[in-house]
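Please read the structure below before turning to the comments.
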Amino acid sequence: MRSESGVRLPVIDFSKQELKPGSPDWDFTKVQVREALEEYGGFEALFDKVLEVREAVFGAMEELFDLPLPTKQLCVSDKPYCGYHDATEKLLRESMSVDEAHMFRNIDEGLTNILWAQGNISFSKTMVSFTQIAAGLEKTIRRMVLESFGVEKYTDELNDATNYHLRAIKYGRPPTGGEPTVGAGVHTDKGMISVLYQNEVNGLEIRTKDGEWINIKPSPKSFVIMIGESLSAWLNGRLSPLYHRVVTKGNKERYSIILFANPRGGYRVKSPEELVDDKNGLLFKPFDYEEYLQYYFAQAVLGDFSTDLKVYCNTI
Ligand SMILES: O=C(O)CCC(=O)C(=O)O
Ligand SMILES: [Fe+2]
């Protein structure tokens, strides 16, 4: 189905079991990934495996956000991007986020056992299963990107430096009787690669190079993949981050769950020397992602949301 603008984000199939590095299917898919990222900074990734957890994931998210507000507010962190947030104070956009989510212990102790005094093992298992499926896909995509730029020798280094940050979001029904409501303003994600999964309520929109907005209508089998600022910087600007926003309409709640592959604090993100030469000077000074986020949020509380890595790297 075509969106209103007539343009659709490319759909790339990752469901094949035999998708192994070096196989013809792998190489074919890698070319599609590179083309989609150059043109849009993102794509829809078909990945059948996610259907195994779909019902459980959205069930678990309903269970979470249906908890009383004071219970959800017990999830706090010294990092402004972890724990519970109610962005609008009218429960129009609630989110719950946790770092290093690929480890059962982090979800179980950092989230579940705070929300449910008696524990909730099925909630933890569901979130970890989702994270593992999404992280597996992210690793495949990242490996393809690195290969396609001839820098796959950094695969292990980047894997070891990845903090999988999981964020569950609930967008409440727009209050104005179906009028579109901005659920998330225009932005680029700050990490390397974002892997987004949603319920049947659409609302995500992405901006093309021509400034046109595309409504994203993913199938239940699809993740939406988006390039963030850190990958763009690491690739010395070879790919651009994807601008997107969320506009919700209608009278159903939208649930989305996003796995952000972010550089771990303490790791210096630095373009590999293979991507820097006389023709392509270094565009981003090496930076620490957590320090960047601290700077970003310090500006944001002052009302300035415009900091991106280009701005930040000029300040360090
Ligand atoms: O909920 C969505 O579809 C997107 C949310 C988003 O862009 C974000 O949290 O960075
Ligand atoms: Fe985003």
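Following the order of the structure tokens, first chain is A, next is B, and so on, with residues numbered from 1 inside each chain and ligands from 1 in the order they appear.
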
Throw together the list of residues within 8 Å of ligand 2, counting only C-alpha atoms and all ligand atoms, and drop it here as a VMD selection string.
-> chain A and resid 184 187 to 189 194 244 to 245

Contacts of Val247 of chain A at 9 Å (only C-alpha atoms; same-chain gap of 6+ positions) as a ChimeraX atom specification = /A:180-185,202-205

Grab the residues selected above and save them as an mmCIF file, in the first residue's frame with C-alpha atoms.
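Everything below was put into result08.cif:
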```cif
data_model
loop_
_atom_site.group_PDB
_atom_site.id
_atom_site.type_symbol
_atom_site.label_atom_id
_atom_site.label_comp_id
_atom_site.auth_asym_id
_atom_site.auth_seq_id
_atom_site.Cartn_x
_atom_site.Cartn_y
_atom_site.Cartn_z
ATOM 1 C CA PRO A 180 -3.820 14.697 14.828
ATOM 2 C CA THR A 181 -1.548 15.294 17.823
ATOM 3 C CA VAL A 182 2.214 15.536 17.755
ATOM 4 C CA GLY A 183 3.415 12.604 19.865
ATOM 5 C CA ALA A 184 7.106 13.224 19.254
ATOM 6 C CA GLY A 185 8.612 16.281 17.574
ATOM 7 C CA ASN A 202 0.405 4.124 12.807
ATOM 8 C CA GLY A 203 1.838 7.570 13.402
ATOM 9 C CA LEU A 204 5.548 7.452 12.658
ATOM 10 C CA GLU A 205 6.546 9.781 9.830
#
```

Contact table segment 165-197 of chain A vs segment 86-105 of chain A, cut-off 6 Å, shortest pair per residue, only C-alpha atoms, as a Markdown table:
```
| residue | atom | partner | partner_atom | distance |
| --- | --- | --- | --- | --- |
| A:His165 | CA | A:Asp99 | CA | 4.4 |
| A:Leu166 | CA | A:Val98 | CA | 5.4 |
| A:Arg167 | CA | A:Ser97 | CA | 4.2 |
| A:Ala168 | CA | A:Met96 | CA | 5.3 |
| A:Ile169 | CA | A:Ser95 | CA | 4.3 |
| A:Lys170 | CA | A:Glu94 | CA | 5.3 |
| A:Tyr171 | CA | A:Arg93 | CA | 4.5 |
| A:Gly172 | CA | A:Leu92 | CA | 4.5 |
```

Output file for the residues above (N, CA and C atoms, as an mmCIF file, in the first residue's frame):
```cif
data_model
loop_
_atom_site.group_PDB
_atom_site.id
_atom_site.type_symbol
_atom_site.label_atom_id
_atom_site.label_comp_id
_atom_site.auth_asym_id
_atom_site.auth_seq_id
_atom_site.Cartn_x
_atom_site.Cartn_y
_atom_site.Cartn_z
ATOM 1 N N HIS A 165 19.771 -0.046 24.533
ATOM 2 C CA HIS A 165 18.852 0.737 25.368
ATOM 3 C C HIS A 165 17.428 0.476 24.865
ATOM 4 N N LEU A 166 16.589 -0.034 25.741
ATOM 5 C CA LEU A 166 15.218 -0.396 25.343
ATOM 6 C C LEU A 166 14.235 0.658 25.840
ATOM 7 N N ARG A 167 13.351 1.109 24.963
ATOM 8 C CA ARG A 167 12.339 2.088 25.369
ATOM 9 C C ARG A 167 10.951 1.634 24.905
ATOM 10 N N ALA A 168 10.054 1.508 25.866
ATOM 11 C CA ALA A 168 8.653 1.192 25.549
ATOM 12 C C ALA A 168 7.866 2.486 25.651
ATOM 13 N N ILE A 169 7.030 2.756 24.650
ATOM 14 C CA ILE A 169 6.282 4.025 24.634
ATOM 15 C C ILE A 169 4.790 3.756 24.448
ATOM 16 N N LYS A 170 3.991 4.500 25.199
ATOM 17 C CA LYS A 170 2.542 4.488 24.977
ATOM 18 C C LYS A 170 2.090 5.899 24.622
ATOM 19 N N TYR A 171 1.439 6.036 23.488
ATOM 20 C CA TYR A 171 0.844 7.312 23.116
ATOM 21 C C TYR A 171 -0.655 7.191 23.405
ATOM 22 N N GLY A 172 -1.140 8.028 24.303
ATOM 23 C CA GLY A 172 -2.571 7.980 24.640
ATOM 24 C C GLY A 172 -3.411 8.460 23.466
#
```

Exercise: segment 132-142 of chain A partners within 7 Å, only C-alpha atoms, chain neighbours under 2 positions left out, as number ranges by chain = A: 50, 102, 128-130, 144-146, 195, 259

Would you export the selected residues with N, CA and C atoms as a tab-separated table (two decimals), in the first residue's frame, please?
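Below is the file out_3.tsv, written as the result:
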```tsv
chain	number	residue	atom	x	y	z
A	50	VAL	N	9.71	-12.01	14.77
A	50	VAL	CA	9.10	-11.12	15.75
A	50	VAL	C	7.64	-11.49	16.03
A	102	HIS	N	19.76	-6.22	26.98
A	102	HIS	CA	19.92	-7.60	26.48
A	102	HIS	C	20.21	-8.56	27.62
A	128	VAL	N	13.06	-9.42	27.44
A	128	VAL	CA	14.38	-9.89	27.05
A	128	VAL	C	14.31	-10.63	25.69
A	129	SER	N	13.25	-11.42	25.49
A	129	SER	CA	13.12	-12.11	24.20
A	129	SER	C	13.02	-11.09	23.07
A	130	PHE	N	12.22	-10.05	23.30
A	130	PHE	CA	12.11	-9.02	22.27
A	130	PHE	C	13.47	-8.39	21.99
A	144	MET	N	26.42	-5.65	7.92
A	144	MET	CA	26.30	-5.37	6.48
A	144	MET	C	26.78	-3.96	6.15
A	145	VAL	N	26.44	-3.01	7.01
A	145	VAL	CA	26.86	-1.62	6.77
A	145	VAL	C	28.39	-1.54	6.80
A	146	LEU	N	28.99	-2.16	7.80
A	146	LEU	CA	30.46	-2.09	7.93
A	146	LEU	C	31.11	-2.76	6.72
A	195	VAL	N	15.92	0.23	16.22
A	195	VAL	CA	15.10	-0.87	15.70
A	195	VAL	C	13.73	-0.74	16.37
A	259	LEU	N	14.49	-0.56	20.24
A	259	LEU	CA	15.81	-0.93	20.77
A	259	LEU	C	16.83	-0.01	20.10
```

From a DSSP calculation on the backbone, collect every residue of segment 82-203 of chain A in strand (DSSP E or B) and output the set as an MDAnalysis selection string.
-> chainID A and resid 83:86 93:98 162:171 181:187 193:198

Using N, CA and C atoms, can you export the residues from the last selection as a compact mmCIF listing (two decimals), in the first residue's frame?
```txt
# COMPACT_ATOMS: atom_id res chain seq x y z
N GLY A 83 14.40 5.02 32.95
CA GLY A 83 13.29 5.04 33.89
C GLY A 83 12.00 5.52 33.24
N TYR A 84 11.07 5.96 34.09
CA TYR A 84 9.73 6.33 33.62
C TYR A 84 9.64 7.82 33.29
N HIS A 85 9.01 8.13 32.20
CA HIS A 85 8.79 9.54 31.84
C HIS A 85 7.39 9.73 31.30
N ASP A 86 6.79 10.79 31.75
CA ASP A 86 5.49 11.19 31.21
C ASP A 86 5.72 12.55 30.57
N ARG A 93 2.05 10.82 26.30
CA ARG A 93 3.20 10.04 25.84
C ARG A 93 3.97 9.61 27.08
N GLU A 94 3.82 8.34 27.38
CA GLU A 94 4.55 7.79 28.53
C GLU A 94 5.63 6.88 27.99
N SER A 95 6.77 6.85 28.67
CA SER A 95 7.80 5.92 28.23
C SER A 95 8.52 5.30 29.42
N MET A 96 9.04 4.13 29.19
CA MET A 96 9.83 3.42 30.20
C MET A 96 11.08 2.92 29.50
N SER A 97 12.25 3.28 30.05
CA SER A 97 13.50 2.96 29.35
C SER A 97 14.50 2.30 30.27
N VAL A 98 15.27 1.40 29.69
CA VAL A 98 16.28 0.71 30.50
C VAL A 98 17.54 0.48 29.65
N THR A 162 28.57 -1.68 22.48
CA THR A 162 27.15 -1.31 22.30
C THR A 162 26.36 -1.47 23.59
N ASN A 163 25.63 -0.42 23.92
CA ASN A 163 24.66 -0.46 25.02
C ASN A 163 23.28 -0.54 24.38
N TYR A 164 22.61 -1.69 24.53
CA TYR A 164 21.26 -1.82 23.98
C TYR A 164 20.25 -1.18 24.94
N HIS A 165 19.77 -0.05 24.53
CA HIS A 165 18.85 0.74 25.37
C HIS A 165 17.43 0.48 24.86
N LEU A 166 16.59 -0.03 25.74
CA LEU A 166 15.22 -0.40 25.34
C LEU A 166 14.24 0.66 25.84
N ARG A 167 13.35 1.11 24.96
CA ARG A 167 12.34 2.09 25.37
C ARG A 167 10.95 1.63 24.90
N ALA A 168 10.05 1.51 25.87
CA ALA A 168 8.65 1.19 25.55
C ALA A 168 7.87 2.49 25.65
N ILE A 169 7.03 2.76 24.65
CA ILE A 169 6.28 4.03 24.63
C ILE A 169 4.79 3.76 24.45
N LYS A 170 3.99 4.50 25.20
CA LYS A 170 2.54 4.49 24.98
C LYS A 170 2.09 5.90 24.62
N TYR A 171 1.44 6.04 23.49
CA TYR A 171 0.84 7.31 23.12
C TYR A 171 -0.66 7.19 23.40
N THR A 181 -2.30 14.72 16.71
CA THR A 181 -1.55 15.29 17.82
C THR A 181 -0.09 14.92 17.66
N VAL A 182 0.80 15.87 17.87
CA VAL A 182 2.21 15.54 17.75
C VAL A 182 2.63 14.74 18.99
N GLY A 183 3.02 13.47 18.77
CA GLY A 183 3.41 12.60 19.86
C GLY A 183 4.90 12.68 20.13
N ALA A 184 5.66 13.02 19.12
CA ALA A 184 7.11 13.22 19.25
C ALA A 184 7.52 14.19 18.15
N GLY A 185 8.22 15.26 18.55
CA GLY A 185 8.61 16.28 17.57
C GLY A 185 9.70 15.78 16.63
N VAL A 186 9.98 16.57 15.60
CA VAL A 186 10.99 16.19 14.61
C VAL A 186 12.35 16.02 15.28
N HIS A 187 12.99 14.89 15.03
CA HIS A 187 14.33 14.67 15.62
C HIS A 187 15.06 13.57 14.86
N ILE A 193 22.02 2.72 15.61
CA ILE A 193 20.91 2.19 14.82
C ILE A 193 19.72 2.00 15.75
N SER A 194 18.53 2.40 15.31
CA SER A 194 17.31 2.20 16.09
C SER A 194 16.46 1.14 15.41
N VAL A 195 15.92 0.23 16.22
CA VAL A 195 15.10 -0.87 15.70
C VAL A 195 13.73 -0.74 16.37
N LEU A 196 12.75 -0.31 15.59
CA LEU A 196 11.45 0.06 16.15
C LEU A 196 10.37 -0.93 15.76
N TYR A 197 9.52 -1.26 16.73
CA TYR A 197 8.39 -2.16 16.47
C TYR A 197 7.15 -1.50 17.05
N GLN A 198 6.01 -1.64 16.39
CA GLN A 198 4.82 -0.92 16.85
C GLN A 198 3.57 -1.78 16.78
```

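When only C-alpha atoms are used to measure the gap to Val269 of chain A, the shortest distance among A:Ile107, A:Leu158, A:Leu302, A:Ala45 belongs to A:Leu158.
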
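If only C-alpha atoms are the atoms counted, then among A:Val311, A:Met192, A:Val57, A:Leu235 the closest residue to Phe260 of chain A is A:Met192.
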
List the neighbours of Arg268 of chain A out to 9 Å using only C-alpha atoms; skip same-chain residues closer than 3 positions along the sequence, and give me the result as a PyMOL selection string.
-> chain A and resi 263-265+286-289

Hey, can you spit out that residue selection with C-alpha atoms as a JSON list (two decimals), in the first residue's frame?
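This is the output file out.json:
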```json
[["chain", "number", "residue", "atom", "x", "y", "z"],
["A", 263, "PRO", "CA", 27.70, 3.51, 22.10],
["A", 264, "ARG", "CA", 28.47, 2.61, 25.70],
["A", 265, "GLY", "CA", 29.72, 5.40, 27.98],
["A", 286, "PRO", "CA", 36.00, 11.74, 18.70],
["A", 287, "PHE", "CA", 33.36, 11.84, 21.43],
["A", 288, "ASP", "CA", 31.91, 9.92, 24.36],
["A", 289, "TYR", "CA", 28.22, 9.21, 23.79]]
```

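Comparing the minimum interatomic distances between ligand 1 and each of A:Ser15, A:Thr155, A:Asn113, A:Asn199, counting only C-alpha atoms and all ligand atoms, we find that A:Asn199 sits nearest.
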
Which residue, A:Ala298, A:Phe284, A:Ile206, A:Arg238, has the smallest gap to ligand 1 when you use only C-alpha atoms and all ligand atoms?
-> A:Ile206

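Neighbouring residues of Ser240 of chain A at 9 Å or closer, counting only C-alpha atoms and skipping chain neighbours under 5 positions away, are Leu37, Glu38, Tyr40, Gly41, Ile227, Gly228, Glu229, Leu231, Ser232 and Ala233 of chain A.
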
Atoms to include: C-alpha atoms. Write the selected residues as a short mmCIF file (atom, residue, chain, number, x, y, z; two decimals), in the first residue's frame.
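This went into selection-v6.cif:
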```
data_model
loop_
_atom_site.label_atom_id
_atom_site.label_comp_id
_atom_site.auth_asym_id
_atom_site.auth_seq_id
_atom_site.Cartn_x
_atom_site.Cartn_y
_atom_site.Cartn_z
CA LEU A 37 20.36 3.91 3.89
CA GLU A 38 21.94 6.20 1.32
CA TYR A 40 16.47 7.41 3.19
CA GLY A 41 18.61 6.67 6.24
CA ILE A 227 20.18 5.45 11.32
CA GLY A 228 21.16 7.68 14.23
CA GLU A 229 23.69 10.47 14.59
CA LEU A 231 26.61 5.92 13.14
CA SER A 232 26.63 8.86 10.76
CA ALA A 233 29.52 10.40 12.73
#
```

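Taking atom CA of Tyr296 of chain A as the reference point, atom 1 (O, counted along the ligand's line) of ligand 1 is found at 20.0 Å.
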
Assign secondary structure with DSSP using the backbone only, and return the residues of segment 202-278 of chain A in helix (DSSP H, G or I) as a VMD selection string.
-> chain A and resid 229 to 234 273 to 275

For Thr71 of chain A, the nearest of the candidates A:Phe14, A:Phe123, A:Tyr255, A:Trp116, counting only C-alpha atoms = A:Trp116

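Considering the residues A:Ser256, A:Thr315, A:Ser124, A:Ser219 and counting only C-alpha atoms, Asp48 of chain A has its shortest atom-to-atom contact with A:Ser219.
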
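The space between atom CA of Phe43 of chain A and atom CA of Leu275 of chain A spans 23.8 Å.
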
Spatial neighbours of Asn120 of chain A, max dist 12 Å, only C-alpha atoms, sep filter under 6 positions, as a count of residues only | 12

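Using only C-alpha atoms, the contacts of Asp27 of chain A at a cut-off of 12 Å, with sequence neighbours closer than 5 positions omitted, comprise Glu18, Leu19, Lys20, Pro21, Gly22, Gln32, Val33, Arg34, Thr140, Ile141, Arg143, Met144, Val145, Glu147 and Ser148 of chain A.
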